[in-house]
Amino acid sequence: MVEPLQLQDAAWALTSALELVLFVQLVRRKLRQIYPLFFAYLVSVILQSIAVAALYRTENLDKGTVWAIAWVTQGVVVILRALVVVELTRSVLHRYIGIWALARKLLLGVAAVVIAYDLLLSKGQWHWLILNGIRGLELAMAAVIVTMLLFARYYRVPVDQLQRALAVGLCLYSTFYVVNYSLLERVVQQYAVLWNFLGLSAFIASLLVWISAVSRYAPSEAIAVPSAIPVELYGKLSSEVNSRLLLLNRQLVRFLHLEDRSQ
């Protein structure tokens, strides 16, 4: 029978290999210029994996120091992932100045609530500050992505295959992390190795989604028209929805006083 620790080591090796594959694909497809924060996030994940592996093999360092460095670097990685969510949201909504302005304010509001919640639960202890902060950010990221995708679906905002894949991969890992950490904290401390393996499995699934989308990415990628709806009818429905979207955007521009700033 394969031990949980062996499964975790195998998952680490597979994760590292997939990270390098994704890195190469992003460079080859010249997507690091289109999504620079996502590229920076991937680089940070690779560097963190190398750093933590080196730390665990250093005999002179105690486990407490290694644990602290690992979680501080994890905090940096999560902040970069949160910035990727902002970058992705902007890439979908940037055509609509008013809607993106409101979305930006909501993102800042969510960040402020997360920080307040983090400080409240941490009680001045820095390690709980990091752990609760990461969980709060992951939960906020999942909520933002789901809201953005539902908004885009309702208003027919174009979301290309790569944008959708990035969103699904980010949401998948964030959701699993919140569930994983919440259960681990309360009831399954004795199964920490197994839950670490499951967390790595969720990240592997995200990497596979991203690699697949990046590999098939084409600069002239077009949003497909659903075959079940006649083209003429789809165009009519789409124009009606877009009219509502443009009206909403215009109202937000006026409400947020963006017209004066753009002049």
# chains A, B, ... in the order shown; residues from 1 in each chain; ligands from 1
>>> closest_atom_pairs(of="range 118-215 of chain A", to="range 68-79 of chain A", cutoff="10 Å", atoms="only C-alpha atoms", output="Markdown table")
| residue | atom | partner | partner_atom | distance |
| --- | --- | --- | --- | --- |
| A:Trp126 | CA | A:Ala68 | CA | 9.8 |
| A:His127 | CA | A:Ala68 | CA | 7.7 |
| A:Ile130 | CA | A:Gly75 | CA | 6.6 |
| A:Leu131 | CA | A:Trp71 | CA | 7.8 |
| A:Gly133 | CA | A:Gly75 | CA | 8.1 |
| A:Ile134 | CA | A:Gly75 | CA | 6.4 |
| A:Arg135 | CA | A:Val78 | CA | 9.5 |
| A:Leu137 | CA | A:Val78 | CA | 7.5 |
| A:Glu138 | CA | A:Val78 | CA | 7.7 |
| A:Met141 | CA | A:Val78 | CA | 9.9 |
| A:Ser174 | CA | A:Val78 | CA | 9.7 |
>>> write_last_selection(atoms="N, CA and C atoms", output="mmCIF file, in the first residue's frame")
data_model
loop_
_atom_site.group_PDB
_atom_site.id
_atom_site.type_symbol
_atom_site.label_atom_id
_atom_site.label_comp_id
_atom_site.auth_asym_id
_atom_site.auth_seq_id
_atom_site.Cartn_x
_atom_site.Cartn_y
_atom_site.Cartn_z
ATOM 1 N N TRP A 126 1.452 36.440 14.941
ATOM 2 C CA TRP A 126 1.789 36.617 13.532
ATOM 3 C C TRP A 126 1.521 35.372 12.694
ATOM 4 N N HIS A 127 1.706 34.155 13.288
ATOM 5 C CA HIS A 127 1.490 32.952 12.484
ATOM 6 C C HIS A 127 0.016 32.762 12.149
ATOM 7 N N ILE A 130 -0.944 35.183 9.305
ATOM 8 C CA ILE A 130 -0.646 34.682 7.958
ATOM 9 C C ILE A 130 -1.662 33.616 7.539
ATOM 10 N N LEU A 131 -1.907 32.633 8.427
ATOM 11 C CA LEU A 131 -2.791 31.525 8.074
ATOM 12 C C LEU A 131 -4.220 31.994 7.808
ATOM 13 N N GLY A 133 -5.118 35.060 7.132
ATOM 14 C CA GLY A 133 -5.092 35.979 6.002
ATOM 15 C C GLY A 133 -5.131 35.249 4.674
ATOM 16 N N ILE A 134 -4.368 34.165 4.576
ATOM 17 C CA ILE A 134 -4.359 33.369 3.346
ATOM 18 C C ILE A 134 -5.731 32.764 3.089
ATOM 19 N N ARG A 135 -6.337 32.206 4.135
ATOM 20 C CA ARG A 135 -7.664 31.614 3.951
ATOM 21 C C ARG A 135 -8.684 32.680 3.538
ATOM 22 N N LEU A 137 -8.126 35.527 1.939
ATOM 23 C CA LEU A 137 -7.879 35.942 0.555
ATOM 24 C C LEU A 137 -8.344 34.889 -0.442
ATOM 25 N N GLU A 138 -8.100 33.615 -0.111
ATOM 26 C CA GLU A 138 -8.544 32.541 -1.010
ATOM 27 C C GLU A 138 -10.067 32.547 -1.141
ATOM 28 N N MET A 141 -11.053 35.515 -3.291
ATOM 29 C CA MET A 141 -10.746 35.289 -4.705
ATOM 30 C C MET A 141 -11.794 34.392 -5.367
ATOM 31 N N SER A 174 -8.572 27.855 -5.001
ATOM 32 C CA SER A 174 -8.960 28.687 -3.856
ATOM 33 C C SER A 174 -10.073 28.023 -3.050
#
>>> residues_around(residues="range 14-22 of chain A", least_positions_apart="3", cutoff="6 Å", atoms="only C-alpha atoms", output="PyMOL selection string")
chain A and resi 11+25+204+211
>>> select_by_dssp(residues="range 25-96 of chain A", states="alpha helix (DSSP H)", output="MDAnalysis selection string")
chainID A and resid 25:28 36:56 63:93
>>> residues_around(residues="Val168 in chain A", least_positions_apart="2", cutoff="12 Å", atoms="only C-alpha atoms", output="ChimeraX atom specification")
/A:85,88,141-146,148-149,161-166,170-175,202-203,205-210,213
>>> atom_distance(atom1="CA of Leu139 in chain A", atom2="CA of Val178 in chain A")
6.3 Å
>>> closest_residue(among="A:Pro36, A:Ala13, A:Leu80, A:Tyr154", to="Ala53 in chain A", atoms="only C-alpha atoms")
A:Ala13
>>> residues_around(residues="Val52 in chain A", least_positions_apart="3", cutoff="9 Å", atoms="only C-alpha atoms", output="PyMOL selection string")
chain A and resi 47-49+55-57+66+69-70+73
>>> decode(residues="range 13-36 of chain A", atoms="N, CA and C atoms", output="PDB file, in the first residue's frame")
ATOM      1  N   ALA A  13       6.625  16.235  -7.072  1.00  0.00           N
ATOM      2  CA  ALA A  13       7.417  16.066  -8.294  1.00  0.00           C
ATOM      3  C   ALA A  13       6.577  16.383  -9.529  1.00  0.00           C
ATOM      4  N   LEU A  14       5.340  15.879  -9.575  1.00  0.00           N
ATOM      5  CA  LEU A  14       4.465  16.136 -10.717  1.00  0.00           C
ATOM      6  C   LEU A  14       4.116  17.617 -10.811  1.00  0.00           C
ATOM      7  N   THR A  15       3.863  18.244  -9.658  1.00  0.00           N
ATOM      8  CA  THR A  15       3.556  19.679  -9.644  1.00  0.00           C
ATOM      9  C   THR A  15       4.698  20.501 -10.221  1.00  0.00           C
ATOM     10  N   SER A  16       5.920  20.190  -9.806  1.00  0.00           N
ATOM     11  CA  SER A  16       7.094  20.919 -10.305  1.00  0.00           C
ATOM     12  C   SER A  16       7.245  20.759 -11.814  1.00  0.00           C
ATOM     13  N   ALA A  17       7.026  19.540 -12.304  1.00  0.00           N
ATOM     14  CA  ALA A  17       7.140  19.291 -13.746  1.00  0.00           C
ATOM     15  C   ALA A  17       6.082  20.084 -14.524  1.00  0.00           C
ATOM     16  N   LEU A  18       4.851  20.098 -14.021  1.00  0.00           N
ATOM     17  CA  LEU A  18       3.770  20.821 -14.698  1.00  0.00           C
ATOM     18  C   LEU A  18       3.998  22.333 -14.655  1.00  0.00           C
ATOM     19  N   GLU A  19       4.551  22.837 -13.564  1.00  0.00           N
ATOM     20  CA  GLU A  19       4.866  24.265 -13.465  1.00  0.00           C
ATOM     21  C   GLU A  19       5.873  24.672 -14.537  1.00  0.00           C
ATOM     22  N   LEU A  20       6.873  23.839 -14.749  1.00  0.00           N
ATOM     23  CA  LEU A  20       7.876  24.132 -15.773  1.00  0.00           C
ATOM     24  C   LEU A  20       7.268  24.063 -17.179  1.00  0.00           C
ATOM     25  N   VAL A  21       6.367  23.105 -17.404  1.00  0.00           N
ATOM     26  CA  VAL A  21       5.691  23.002 -18.702  1.00  0.00           C
ATOM     27  C   VAL A  21       4.873  24.261 -18.963  1.00  0.00           C
ATOM     28  N   LEU A  22       4.130  24.716 -17.955  1.00  0.00           N
ATOM     29  CA  LEU A  22       3.322  25.922 -18.105  1.00  0.00           C
ATOM     30  C   LEU A  22       4.205  27.143 -18.338  1.00  0.00           C
ATOM     31  N   PHE A  23       5.317  27.221 -17.651  1.00  0.00           N
ATOM     32  CA  PHE A  23       6.261  28.330 -17.824  1.00  0.00           C
ATOM     33  C   PHE A  23       6.744  28.396 -19.272  1.00  0.00           C
ATOM     34  N   VAL A  24       7.149  27.249 -19.808  1.00  0.00           N
ATOM     35  CA  VAL A  24       7.649  27.200 -21.180  1.00  0.00           C
ATOM     36  C   VAL A  24       6.559  27.592 -22.171  1.00  0.00           C
ATOM     37  N   GLN A  25       5.338  27.102 -21.939  1.00  0.00           N
ATOM     38  CA  GLN A  25       4.228  27.413 -22.844  1.00  0.00           C
ATOM     39  C   GLN A  25       3.894  28.906 -22.821  1.00  0.00           C
ATOM     40  N   LEU A  26       3.918  29.516 -21.652  1.00  0.00           N
ATOM     41  CA  LEU A  26       3.644  30.953 -21.560  1.00  0.00           C
ATOM     42  C   LEU A  26       4.683  31.769 -22.320  1.00  0.00           C
ATOM     43  N   VAL A  27       5.940  31.353 -22.229  1.00  0.00           N
ATOM     44  CA  VAL A  27       7.009  32.057 -22.944  1.00  0.00           C
ATOM     45  C   VAL A  27       6.870  31.844 -24.442  1.00  0.00           C
ATOM     46  N   ARG A  28       6.633  30.606 -24.856  1.00  0.00           N
ATOM     47  CA  ARG A  28       6.511  30.293 -26.296  1.00  0.00           C
ATOM     48  C   ARG A  28       5.338  31.021 -26.940  1.00  0.00           C
ATOM     49  N   ARG A  29       4.228  31.083 -26.237  1.00  0.00           N
ATOM     50  CA  ARG A  29       3.025  31.724 -26.783  1.00  0.00           C
ATOM     51  C   ARG A  29       3.009  33.236 -26.573  1.00  0.00           C
ATOM     52  N   LYS A  30       4.063  33.750 -25.940  1.00  0.00           N
ATOM     53  CA  LYS A  30       4.193  35.185 -25.678  1.00  0.00           C
ATOM     54  C   LYS A  30       3.032  35.735 -24.849  1.00  0.00           C
ATOM     55  N   LEU A  31       2.574  34.904 -23.912  1.00  0.00           N
ATOM     56  CA  LEU A  31       1.465  35.306 -23.054  1.00  0.00           C
ATOM     57  C   LEU A  31       1.930  36.008 -21.789  1.00  0.00           C
ATOM     58  N   ARG A  32       3.223  36.001 -21.530  1.00  0.00           N
ATOM     59  CA  ARG A  32       3.704  36.717 -20.349  1.00  0.00           C
ATOM     60  C   ARG A  32       3.516  38.214 -20.496  1.00  0.00           C
ATOM     61  N   GLN A  33       3.460  38.718 -21.750  1.00  0.00           N
ATOM     62  CA  GLN A  33       3.202  40.144 -21.958  1.00  0.00           C
ATOM     63  C   GLN A  33       1.728  40.470 -21.777  1.00  0.00           C
ATOM     64  N   ILE A  34       0.845  39.510 -22.081  1.00  0.00           N
ATOM     65  CA  ILE A  34      -0.591  39.735 -21.969  1.00  0.00           C
ATOM     66  C   ILE A  34      -1.057  39.598 -20.523  1.00  0.00           C
ATOM     67  N   TYR A  35      -0.500  38.622 -19.824  1.00  0.00           N
ATOM     68  CA  TYR A  35      -0.843  38.400 -18.414  1.00  0.00           C
ATOM     69  C   TYR A  35       0.441  38.412 -17.573  1.00  0.00           C
ATOM     70  N   PRO A  36       1.048  39.577 -17.404  1.00  0.00           N
ATOM     71  CA  PRO A  36       2.334  39.643 -16.681  1.00  0.00           C
ATOM     72  C   PRO A  36       2.234  39.227 -15.214  1.00  0.00           C
TER      73      PRO A  36
END
